[in-house]
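Inspection log for the structure reproduced underneath, given as structure tokens.
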Number of protein chains: 4
Amino acid sequence: MSMNSFGHLFRFTTWGESHGPAIGATVDGCPPGVPLEADMLQHWLDRRKPGTSKYTTQRREADLVRILSGVHEGQTTGTPIQLMIENTDQRSKDYGDIEQKFRPGHADITYWQKYGIRDPRGGGRSSARETASRVAAGGVAREVLSTLAPEVSISGYMVQMGPHRIDRSRMDLSEIERNPFWVPDAKAAADWAEYLDGLRKVGSSVGAVCEITVSGLPAGLGAPVYAKLDTDLAAACMSINAVKGVEIGEGMGAAVLTGEENADEITMGPEGPEYCSNHAGGILGGISTGQDIVVRFAVKPTSSILSPRQTITKAGEPAEIITKGRHDPCVGIRAVPVGEAMVACVILDHLLLHRGQIGDGPRGQIG
Amino acid sequence: MSMNSFGHLFRFTTWGESHGPAIGATVDGCPPGVPLEADMLQHWLDRRKPGTSKYTTQRREADLVRILSGVHEGQTTGTPIQLMIENTDQRSKDYGDIEQKFRPGHADITYWQKYGIRDPRGGGRSSARETASRVAAGGVAREVLSTLAPEVSISGYMVQMGPHRIDRSRMDLSEIERNPFWVPDAKAAADWAEYLDGLRKVGSSVGAVCEITVSGLPAGLGAPVYAKLDTDLAAACMSINAVKGVEIGEGMGAAVLTGEENADEITMGPEGPEYCSNHAGGILGGISTGQDIVVRFAVKPTSSILSPRQTITKAGEPAEIITKGRHDPCVGIRAVPVGEAMVACVILDHLLLHRGQIGDGPRGQIG
Amino acid sequence: MSMNSFGHLFRFTTWGESHGPAIGATVDGCPPGVPLEADMLQHWLDRRKPGTSKYTTQRREADLVRILSGVHEGQTTGTPIQLMIENTDQRSKDYGDIEQKFRPGHADITYWQKYGIRDPRGGGRSSARETASRVAAGGVAREVLSTLAPEVSISGYMVQMGPHRIDRSRMDLSEIERNPFWVPDAKAAADWAEYLDGLRKVGSSVGAVCEITVSGLPAGLGAPVYAKLDTDLAAACMSINAVKGVEIGEGMGAAVLTGEENADEITMGPEGPEYCSNHAGGILGGISTGQDIVVRFAVKPTSSILSPRQTITKAGEPAEIITKGRHDPCVGIRAVPVGEAMVACVILDHLLLHRGQIGDGPRGQIG
Amino acid sequence: MSMNSFGHLFRFTTWGESHGPAIGATVDGCPPGVPLEADMLQHWLDRRKPGTSKYTTQRREADLVRILSGVHEGQTTGTPIQLMIENTDQRSKDYGDIEQKFRPGHADITYWQKYGIRDPRGGGRSSARETASRVAAGGVAREVLSTLAPEVSISGYMVQMGPHRIDRSRMDLSEIERNPFWVPDAKAAADWAEYLDGLRKVGSSVGAVCEITVSGLPAGLGAPVYAKLDTDLAAACMSINAVKGVEIGEGMGAAVLTGEENADEITMGPEGPEYCSNHAGGILGGISTGQDIVVRFAVKPTSSILSPRQTITKAGEPAEIITKGRHDPCVGIRAVPVGEAMVACVILDHLLLHRGQIGDGPRGQIG
């Protein structure tokens with residue numbers, strides 16, 4: 001019931017504020033005997049790191065992760081893994097202006113109303129900086145998956161920035177690493193660069209949609225009611241800063257389909273059931289079908305913009321505010337590795353849960 | 001970590017299959033001293049009950065709820081409340097045809113792969129019948145809310161059926177109870193009746209979008225990271241059968257907004273902060289703002305349709321299937337009271353959590 | 001975090017008051033495919049049932065358990081198992097005298113102070129009647145264990161009644177079923193019968209110590225810190241009504257031992273490590289050694305006695321009270337099957353947890 | 001369900017091994033606005049610190065605690081508090097001899113069997129070093145208690161070392177801080193010093209019993225079934241390294257009492273109910289009575305002794321072992337501040353839980 005933990009058997013707790021000495025994640029329930037070193041996690045953190053292109057915040061954090069526990073001679077021990085990331089770039093004077101004023105669209109005001117704390121140094125726990133801890137925890141999940149279920153692969157990418165969607169007929173996952181937007185469509189990458197540059201120059205921002213797919217997952221993971229695989233995926237994604245919507249498979253678009261259109265017909269393939277389509281996004285009744293899991297989430301535009309907005313002060317006086325900090329014109333970009341990390345954690349957690357309750361592999365055979 | 005429980009402090013566990021002797025919910029953590037009688041819960045169950053119009057399944061369940069524990073002389077005792085609903089209409093012969101074949105779009109196949117159980121009597125735990133237990137639990141939450149936070153009100157309604165959306169300029173919550181679709185738009189109700197009749201007659205089905213709003217909620221409920229109010233709302237809604245997408249405020253549409261468009265500007269009202277808009281859906285950084293909470297979810301079309309679909313049998317043989325049972329052409333209709341119930345449980349849970357950690361009311365004052 | 005649940009992966013929630021219509025347990029996380037019928041559970045409930053000898057309360061409850069869910073054609077389905085026991089003997093007039101007065105040693109007064117509820121019908125949730133639900137849940141755990149780990153056996157028995165201890169040199173587990181005290185010492189059984197008869201006739205009561213042993217458990221179950229096997233066993237036993245102390249292995253007696261006396265020396269046997277003694281009670285550092293698990297708990301004397309005791313009324317007035325109800329002169333007797341049930345649940349839970357995190361069997365080999 | 005967490009609403013997770021770079025605790029659910037600085041926690045850590053007298057291990061750890069998060073300008077923020085203690089004295093060569101041999105009475109062998117990890121550097125997570133993290137977390141709980149419930153006080157002390165018990169007629173809590181054994185009996189302190197010196201010189205060790213009392217706690221905390229106050233206290237104490245038994249009030253001695261002897265008669269005092277005795281140890285039916293809470297636990301003798309013991313190697317070969325490390329002749333001494341810390345955490349957790357479910361103060365009034 002911890003308010004800062006996520007997961008059932010594979011469970012992590014994050015801690016730390018944007019401008020304190022460090023942030024991190026305590027990962028519990030990790031299987032022992034899995035090769036793990038800080039470098040493996042660093043790979044994923046580097047993807048999320050700010051300041052890597054002109055399209056992300058110029059705050060420069062080294063984001064070096066240290067493993068303080070739970071690993072012995074390069075292998076997990078089965079005990080808690082403490083992942084610590086020291087904060088190095090704490091130019092807190094940048095935030096001086098916002099000590100008394102609440103930024104519209106930010107958590108400043110609700111944080112104050114809940115905790116009575118107004119931390120002008122950058123959002124406290126509400127800062128997107130917390131997501132670095134998730135990426136580190138997700139890196140652990142990925143390494144465990146590559147040992148326990150090496151056929152599973154997880155890919156995240158952007159499919160929409162503002163009004164611009166990718167063209168799925170051009171979709172090519174190998175493009176993801178070739179552009180700063182993690183977009184699997186070379187033409188979209190070029191178009192978006194120009195579009196976002198325009199927004200950046202005027203100090204504006206825009207929303208986005210990210211998609212995460214999981215392939216190679218066996219059928220049978222999840223549960224029919226509250227520990228549904230899709231329930232946990234929805235919680236995982238909605239818990240990411242700035243996310244306002246989550247979809248599985250057809251998502252909100254399922255509303256316009258008829259039963260005939262939506263049914264994924266089943267055939268028998270050489271290695272088991274196959275499906276003629278994947279409207280379900282790989283999950284039926286909360287349980288994986290063996291098809292690709294497809295999750296999407298929408299990220300709202302950064303609230304920090306250069307246009308003045310109307311607000312109030314702690315004293316309740318009307319005021320105008322411009323947020324000058326170093327921020328992302330499209331936080332959706334950096335949400336991609338965060339979404340991947342959260343999905344990796346959910347998948348591993350459900351593998352362990354399934355193994356705990358039922359043992360390895362599916363119980364009911366077909367054919 | 002129970003796989004059939006939901007909630008933190010106010011927590012319920014549902015049990016029972018569609019065609020066993022009974023289903024129910026065990027509600028734990030309910031405050032003592034709250035007036036509660038079975039009639040109060042029956043009111044909500046009657047809204048969800050099948051067979052109330054030609055637009056919902058003709059399966060006729062009395063859906064009478066009995067309170068077996070946790071209430072003494074009309075008041076909650078603070079101990080677990082057991083809510084039992086006996087199953088009365090179990091014409092299991094209707095399902096004889098599907099014992100060997102998997103229904104596309106149904107959980108039959110994944111349930112079998114996970115548990116090795118093929119219960120031909122109607123879906124087992126995956127049956128929408130389970131949602132009656134949620135409505136009963138949600139009824140308890142509503143009664144507690146009306147004691148602890150009487151200013152809170154929760155309304156659910158449909159905003160889209162297939163391609164047809166309501167016209168928000170005509171929106172009138174008083175219409176909700178006047179039509180079989182819980183739709184707050186009289187004209188939409190008339191149009192949808194005709195549309196759905198057409199689908200019903202040809203044995204087809206269609207998806208829908210439901211919206212739940214909570215008004216009167218104080219600022220400060222929720223948490224900035226994993227116990228976010230929106231995270232729990234997303235999990236609550238995604239855990240409902242057939243839901244494929246969840247949105248808070250602007251939802252997926254947040255992707256197309258700019259920061260200028262999305263920021264809800266703040267002014268000072270006579271009783272505290274007020275907002276010039278509510279793109280956030282009443283939640284900033286996981287914590288309630290005091291504005292209306294706005295949640296939407298998409299429900300896929302019923303998979304049970306009269307058109308033949310291609311599938312396989314347990315033996316792995318190709319087959320064709322027509323699902324003849326008694327089903328809903330638009331399950332989204334009956335999802336409305338279920339969504340309301342889940343939201344009520346989340347709201348009460350967060351009220352109790354906030355009171356536990358912080359005490360009554362907001363901590364930081366404004367003005 | 002449910003206040004009425006116990007366990008991690010194999011988890012049950014009990015509900016119901018002593019004099020409501022029914023009590024029961026909702027068992028979640030049970031593996032599928034395990035043979036289970038009500039008769040198998042009834043066997044264990046009959047052992048706990050009141051009124052089976054003159055040494056237990058004459059309240060006569062049929063204690064018939066019904067399985068309302070989670071079992072299909074004689075096998076568990078992997079979904080929640082609802083176990084309901086209807087209350088049949090509700091002579092609530094017996095309790096009329098205690099409506100205004102608090103019984104010393106009973107939970108009446110604290111229950112009132114916590115919940116503001118004074119249920120004169122027999123203790124509400126504090127009634128020992130709740131333990132029938134545990135015995136039913138424990139019966140499920142036993143059946144799962146006999147499928148997953150058939151070499152595990154669990155035995156409970158009394159080792160002390162008032163000042164009278166068994167003579168361990170005469171200990172013979174086959175005696176347990178031959179006397180009303182579940183005592184593995186024929187001579188003690190005879191002596192205790194006379195002793196308890198004397199107490200019963202004068203309306204007095206006495207405490208007892210019960211011991212539960214688990215044999216055949218593999219090494220490696222548990223965890224080194226908070227999910228220790230002994231931590232969960234201690235919680236399981238202390239949660240039983242009237243229990244005031246719990247011991248593992250040497251228990252409180254470990255205080256008088258030296259390191260030389262306490263160390264269980266290790267030798268290599270044909271099938272793995274063997275120990276020259278078992279001071280540890282089968283658990284080292286929270287993890288099972290493969291030796292017998294040995295747990296003991298002390299049960300206080302029934303508070304309901306015929307001698308008048310000084311107390312107060314709800315109005316705060318001094319009063320004298322005699323508790324006339326139908327009660328046990330030594331509740332420790334009926335605590336034996338309850339202790340067995342709780343231990344069975346803990347053992348199964350840890351088997352599943354271990355399988356979830358680590359897979360089947362021990363990881364580190366010896367020899 | 002985290003295997004390294006403790007508590008419900010006030011919940012901490014510990015991490016770190018004896019000889020890694022650091023250990024610590026992540027404390028979640030702490031109320032905001034409580035004054036907290038590292039010095040306040042250091043006070044309690046210094047009590048537990050090794051090497052403070054010749055009666056505790058000569059391992060010299062500075063045990064300096066750093067607060068990495070959750071505190072802003074000297075006040076808790078309501079978000080996770082990360083407490084880190086760096087390991088400074090890691091003379092791992094001391095342990096070289098035990099790499100291949102299992103130490104009898106140690107967790108070496110079970111740890112190996114569970115995790116397949118044989119960390120020769122001092123016990124990994126099974127090391128008593130982990131308890132420093134608990135003391136730090138308990139220090140946080142104490143500071144919150146002094147804000148929310150300043151009338152509560154918690155005292156821990158030894159009541160038995162080997163066969164030597166304190167004389168309760170000489171008991172004087174002010175003696176606790178005047179001797180290295182935290183014993184509230186000046187004469188016992190002198191006698192024990194001589195006794196323990198003898199054991200230390202021959203490289204032996206001995207067990208002990210610690211007692212923790214809580215005074216000033218209001219009536220009404222706890223719950224009647226699984227979230228009993230005594231259940232959580234039993235789990236808290238049994239989870240401490242080397243503890244083999246836990247008692248509340250009369251504890252195991254309750255077995256020899258009659259109902260007449262055990263009943264704590266009730267009278268009306270100026271401020272509410274008073275009791276003529278406290279056999280119950282301040283808890284009836286799992287709920288606090290308002291009397292002193294009295295918890296005791298037995299600590300086994302240190303397994304590290306200089307006498308050779310028979311054991312086996314990882315290869316399964318017979319061997320003899322002498323444990324030369326730097327260890328405590330009576331670990332019970334250092335268990336006192338650990339027990340206090342765990343009890344403080346349980347008490348605060350139940351205060352918050354009660355406030356969450358029921359609100360402030362008792363619900364049922366008397367008089």
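Identifiers for the structure tokens are assigned positionally: chains receive A, B, ... in sequence, residues are indexed from 1 per chain, and ligands are indexed from 1 in the order shown.
For chain D, the residues close to chain B, meaning within 6 Å and counting only C-alpha atoms, are Pro31, Leu352, Leu353, Arg355, Gly356, Gln357 and Ile358 of chain D.
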Please dump the current selection as a PDB file, in the first residue's frame; keep C-alpha atoms.
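Final output, saved to result21.pdb:
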ATOM      1  CA  PRO D  31       3.072  12.669   7.497  1.00  0.00           C
ATOM      2  CA  LEU D 352      -2.359   6.486  11.039  1.00  0.00           C
ATOM      3  CA  LEU D 353      -4.487   3.457  10.114  1.00  0.00           C
ATOM      4  CA  ARG D 355      -7.114   7.889  11.745  1.00  0.00           C
ATOM      5  CA  GLY D 356      -7.623   6.777   8.161  1.00  0.00           C
ATOM      6  CA  GLN D 357     -10.479   4.397   8.842  1.00  0.00           C
ATOM      7  CA  ILE D 358     -12.149   6.082  11.782  1.00  0.00           C
TER       8      ILE D 358
END
ask   = Out of range 64-305 of chain C, which residues get helix (DSSP H, G or I) from DSSP, as an MDAnalysis selection string?
value = chainID C and resid 92:98 108:115 124:126 128:148 168:170 173:178 186:201 229:238 251:256 259:262
task = Excluding Val331 in chain D and any residue of its chain fewer than 3 positions from it, enumerate the residues within 7 Å of it, using only C-alpha atoms, and give them as a PyMOL selection string.
result = chain D and resi 301-302+328+334-335
key: Residue neighbourhood range 138-148 of chain B, 9 Å, only C-alpha atoms, exclusion window fewer than 4 positions, as an MDAnalysis selection string   = chainID B and resid 10 27 30:31 34:36 40:45 81 133:134 152:154 338 340:349 351
query = Near Ile266 in chain B, counting only C-alpha atoms, which residues have an atom at most 8 Å away, once you skip same-chain residues fewer than 6 positions from it, shown as a PyMOL selection string?
reply = (chain A and resi 104+310-312) or (chain B and resi 273-276)
request  = For His279 in chain C, please output as a ChimeraX atom specification all residues within 7 Å (counting only C-alpha atoms; exclusion window: fewer than 3 positions along the same chain).
outcome  = /C:249-250,262,264
Preceding selection exported with all heavy atoms as a PDB file, in the first residue's frame:
ATOM      1  N   GLY C 249      11.194 -23.009  17.594  1.00  0.00           N
ATOM      2  CA  GLY C 249      12.293 -23.819  18.141  1.00  0.00           C
ATOM      3  C   GLY C 249      12.404 -23.624  19.641  1.00  0.00           C
ATOM      4  O   GLY C 249      11.435 -23.802  20.373  1.00  0.00           O
ATOM      5  N   GLU C 250      13.584 -23.226  20.104  1.00  0.00           N
ATOM      6  CA  GLU C 250      13.766 -23.045  21.553  1.00  0.00           C
ATOM      7  C   GLU C 250      12.898 -21.930  22.115  1.00  0.00           C
ATOM      8  O   GLU C 250      12.650 -21.886  23.316  1.00  0.00           O
ATOM      9  CB  GLU C 250      15.237 -22.739  21.859  1.00  0.00           C
ATOM     10  CG  GLU C 250      16.162 -23.921  21.705  1.00  0.00           C
ATOM     11  CD  GLU C 250      15.933 -24.992  22.768  1.00  0.00           C
ATOM     12  OE1 GLU C 250      15.451 -24.671  23.869  1.00  0.00           O
ATOM     13  OE2 GLU C 250      16.228 -26.174  22.476  1.00  0.00           O
ATOM     14  N   ASN C 262      23.409 -23.896  21.701  1.00  0.00           N
ATOM     15  CA  ASN C 262      22.360 -23.551  20.739  1.00  0.00           C
ATOM     16  C   ASN C 262      22.689 -23.936  19.289  1.00  0.00           C
ATOM     17  O   ASN C 262      21.791 -24.138  18.475  1.00  0.00           O
ATOM     18  CB  ASN C 262      22.095 -22.042  20.806  1.00  0.00           C
ATOM     19  CG  ASN C 262      20.938 -21.629  19.934  1.00  0.00           C
ATOM     20  OD1 ASN C 262      19.804 -22.059  20.163  1.00  0.00           O
ATOM     21  ND2 ASN C 262      21.215 -20.828  18.923  1.00  0.00           N
ATOM     22  N   ASP C 264      23.195 -25.754  16.082  1.00  0.00           N
ATOM     23  CA  ASP C 264      22.804 -27.050  15.535  1.00  0.00           C
ATOM     24  C   ASP C 264      23.897 -27.481  14.559  1.00  0.00           C
ATOM     25  O   ASP C 264      23.969 -26.967  13.433  1.00  0.00           O
ATOM     26  CB  ASP C 264      21.448 -26.931  14.818  1.00  0.00           C
ATOM     27  CG  ASP C 264      20.322 -26.502  15.754  1.00  0.00           C
ATOM     28  OD1 ASP C 264      20.223 -27.042  16.863  1.00  0.00           O
ATOM     29  OD2 ASP C 264      19.534 -25.606  15.357  1.00  0.00           O
TER      30      ASP C 264
END
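The residue that comes closest to Ala227 in chain B, out of D:Ser18, D:Asp28, D:Trp112, D:Ser174 and on the basis of only C-alpha atoms, is D:Asp28.
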request  = Would you list the contacts of Ser304 in chain C as a PyMOL selection string, taking every protein, DNA or RNA residue within 9 Å and counting only C-alpha atoms, but skipping same-chain residues closer than 3 positions in sequence?
outcome  = (chain C and resi 103-106+203-205+301+307+322-329) or (chain D and resi 259)
Only N, CA, C and O atoms, please: the residues just picked out, written as a JSON list (two decimals), in the first residue's frame.
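Output contents, as saved in part.json:
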[["chain", "number", "residue", "atom", "x", "y", "z"],
["C", 103, "ARG", "N", -16.97, -7.11, 29.87],
["C", 103, "ARG", "CA", -16.40, -8.30, 30.50],
["C", 103, "ARG", "C", -14.89, -8.18, 30.61],
["C", 103, "ARG", "O", -14.21, -8.04, 29.58],
["C", 104, "PRO", "N", -14.31, -8.25, 31.82],
["C", 104, "PRO", "CA", -12.85, -8.18, 31.93],
["C", 104, "PRO", "C", -12.19, -9.30, 31.12],
["C", 104, "PRO", "O", -12.65, -10.44, 31.12],
["C", 105, "GLY", "N", -11.13, -8.96, 30.45],
["C", 105, "GLY", "CA", -10.40, -9.93, 29.64],
["C", 105, "GLY", "C", -10.99, -10.13, 28.26],
["C", 105, "GLY", "O", -10.39, -10.79, 27.41],
["C", 106, "HIS", "N", -12.16, -9.57, 28.02],
["C", 106, "HIS", "CA", -12.79, -9.65, 26.70],
["C", 106, "HIS", "C", -12.48, -8.40, 25.88],
["C", 106, "HIS", "O", -12.09, -7.38, 26.43],
["C", 203, "GLY", "N", -16.64, -23.64, 37.18],
["C", 203, "GLY", "CA", -16.81, -22.49, 36.27],
["C", 203, "GLY", "C", -15.54, -21.70, 36.08],
["C", 203, "GLY", "O", -15.57, -20.51, 35.76],
["C", 204, "SER", "N", -14.41, -22.36, 36.24],
["C", 204, "SER", "CA", -13.13, -21.66, 36.03],
["C", 204, "SER", "C", -12.58, -22.02, 34.64],
["C", 204, "SER", "O", -13.25, -22.68, 33.84],
["C", 205, "SER", "N", -11.39, -21.57, 34.36],
["C", 205, "SER", "CA", -10.76, -21.84, 33.07],
["C", 205, "SER", "C", -9.26, -21.79, 33.24],
["C", 205, "SER", "O", -8.77, -21.33, 34.28],
["C", 301, "PRO", "N", -6.28, -18.21, 29.42],
["C", 301, "PRO", "CA", -7.53, -18.85, 29.86],
["C", 301, "PRO", "C", -8.74, -18.06, 29.36],
["C", 301, "PRO", "O", -8.67, -16.84, 29.22],
["C", 307, "SER", "N", -16.98, -16.92, 38.43],
["C", 307, "SER", "CA", -16.69, -16.06, 39.58],
["C", 307, "SER", "C", -16.98, -14.61, 39.23],
["C", 307, "SER", "O", -16.61, -14.16, 38.16],
["C", 322, "ILE", "N", -20.80, -11.69, 36.08],
["C", 322, "ILE", "CA", -20.54, -13.13, 35.96],
["C", 322, "ILE", "C", -20.89, -13.48, 34.52],
["C", 322, "ILE", "O", -21.96, -13.11, 34.04],
["C", 323, "THR", "N", -20.00, -14.14, 33.82],
["C", 323, "THR", "CA", -20.28, -14.48, 32.43],
["C", 323, "THR", "C", -20.85, -15.88, 32.35],
["C", 323, "THR", "O", -20.15, -16.87, 32.56],
["C", 324, "LYS", "N", -22.16, -15.96, 32.02],
["C", 324, "LYS", "CA", -22.84, -17.25, 32.09],
["C", 324, "LYS", "C", -22.84, -18.02, 30.78],
["C", 324, "LYS", "O", -23.19, -19.19, 30.77],
["C", 325, "GLY", "N", -22.51, -17.40, 29.71],
["C", 325, "GLY", "CA", -22.61, -18.03, 28.37],
["C", 325, "GLY", "C", -22.12, -19.47, 28.34],
["C", 325, "GLY", "O", -21.79, -20.06, 29.37],
["C", 326, "ARG", "N", -22.06, -20.04, 27.14],
["C", 326, "ARG", "CA", -21.57, -21.41, 26.97],
["C", 326, "ARG", "C", -20.15, -21.32, 26.46],
["C", 326, "ARG", "O", -19.93, -21.00, 25.31],
["C", 327, "HIS", "N", -19.20, -21.57, 27.32],
["C", 327, "HIS", "CA", -17.82, -21.32, 26.92],
["C", 327, "HIS", "C", -16.90, -22.47, 27.27],
["C", 327, "HIS", "O", -17.28, -23.40, 27.98],
["C", 328, "ASP", "N", -15.68, -22.38, 26.79],
["C", 328, "ASP", "CA", -14.71, -23.46, 26.95],
["C", 328, "ASP", "C", -13.88, -23.26, 28.22],
["C", 328, "ASP", "O", -13.29, -22.18, 28.38],
["C", 329, "PRO", "N", -13.72, -24.28, 29.03],
["C", 329, "PRO", "CA", -12.81, -24.12, 30.18],
["C", 329, "PRO", "C", -11.35, -23.99, 29.74],
["C", 329, "PRO", "O", -10.54, -23.43, 30.47],
["D", 259, "GLY", "N", -8.61, -18.37, 34.66],
["D", 259, "GLY", "CA", -9.39, -17.22, 34.23],
["D", 259, "GLY", "C", -9.51, -16.16, 35.31],
["D", 259, "GLY", "O", -9.48, -14.95, 35.02]]
task = From a DSSP calculation on the backbone, collect every residue of range 105-304 of chain D in strand (DSSP E or B) and output the set as JSON, numbers by chain.
result = {"D": [153, 154, 155, 156, 157, 158, 159, 160, 161, 164, 165, 206, 208, 209, 210, 211, 212, 213, 214, 215, 222, 243, 244, 245, 246, 247, 248, 258, 266, 267, 268, 269, 272, 273, 274, 275, 283, 284, 287, 288, 293, 294, 295, 296, 297, 298, 299]}
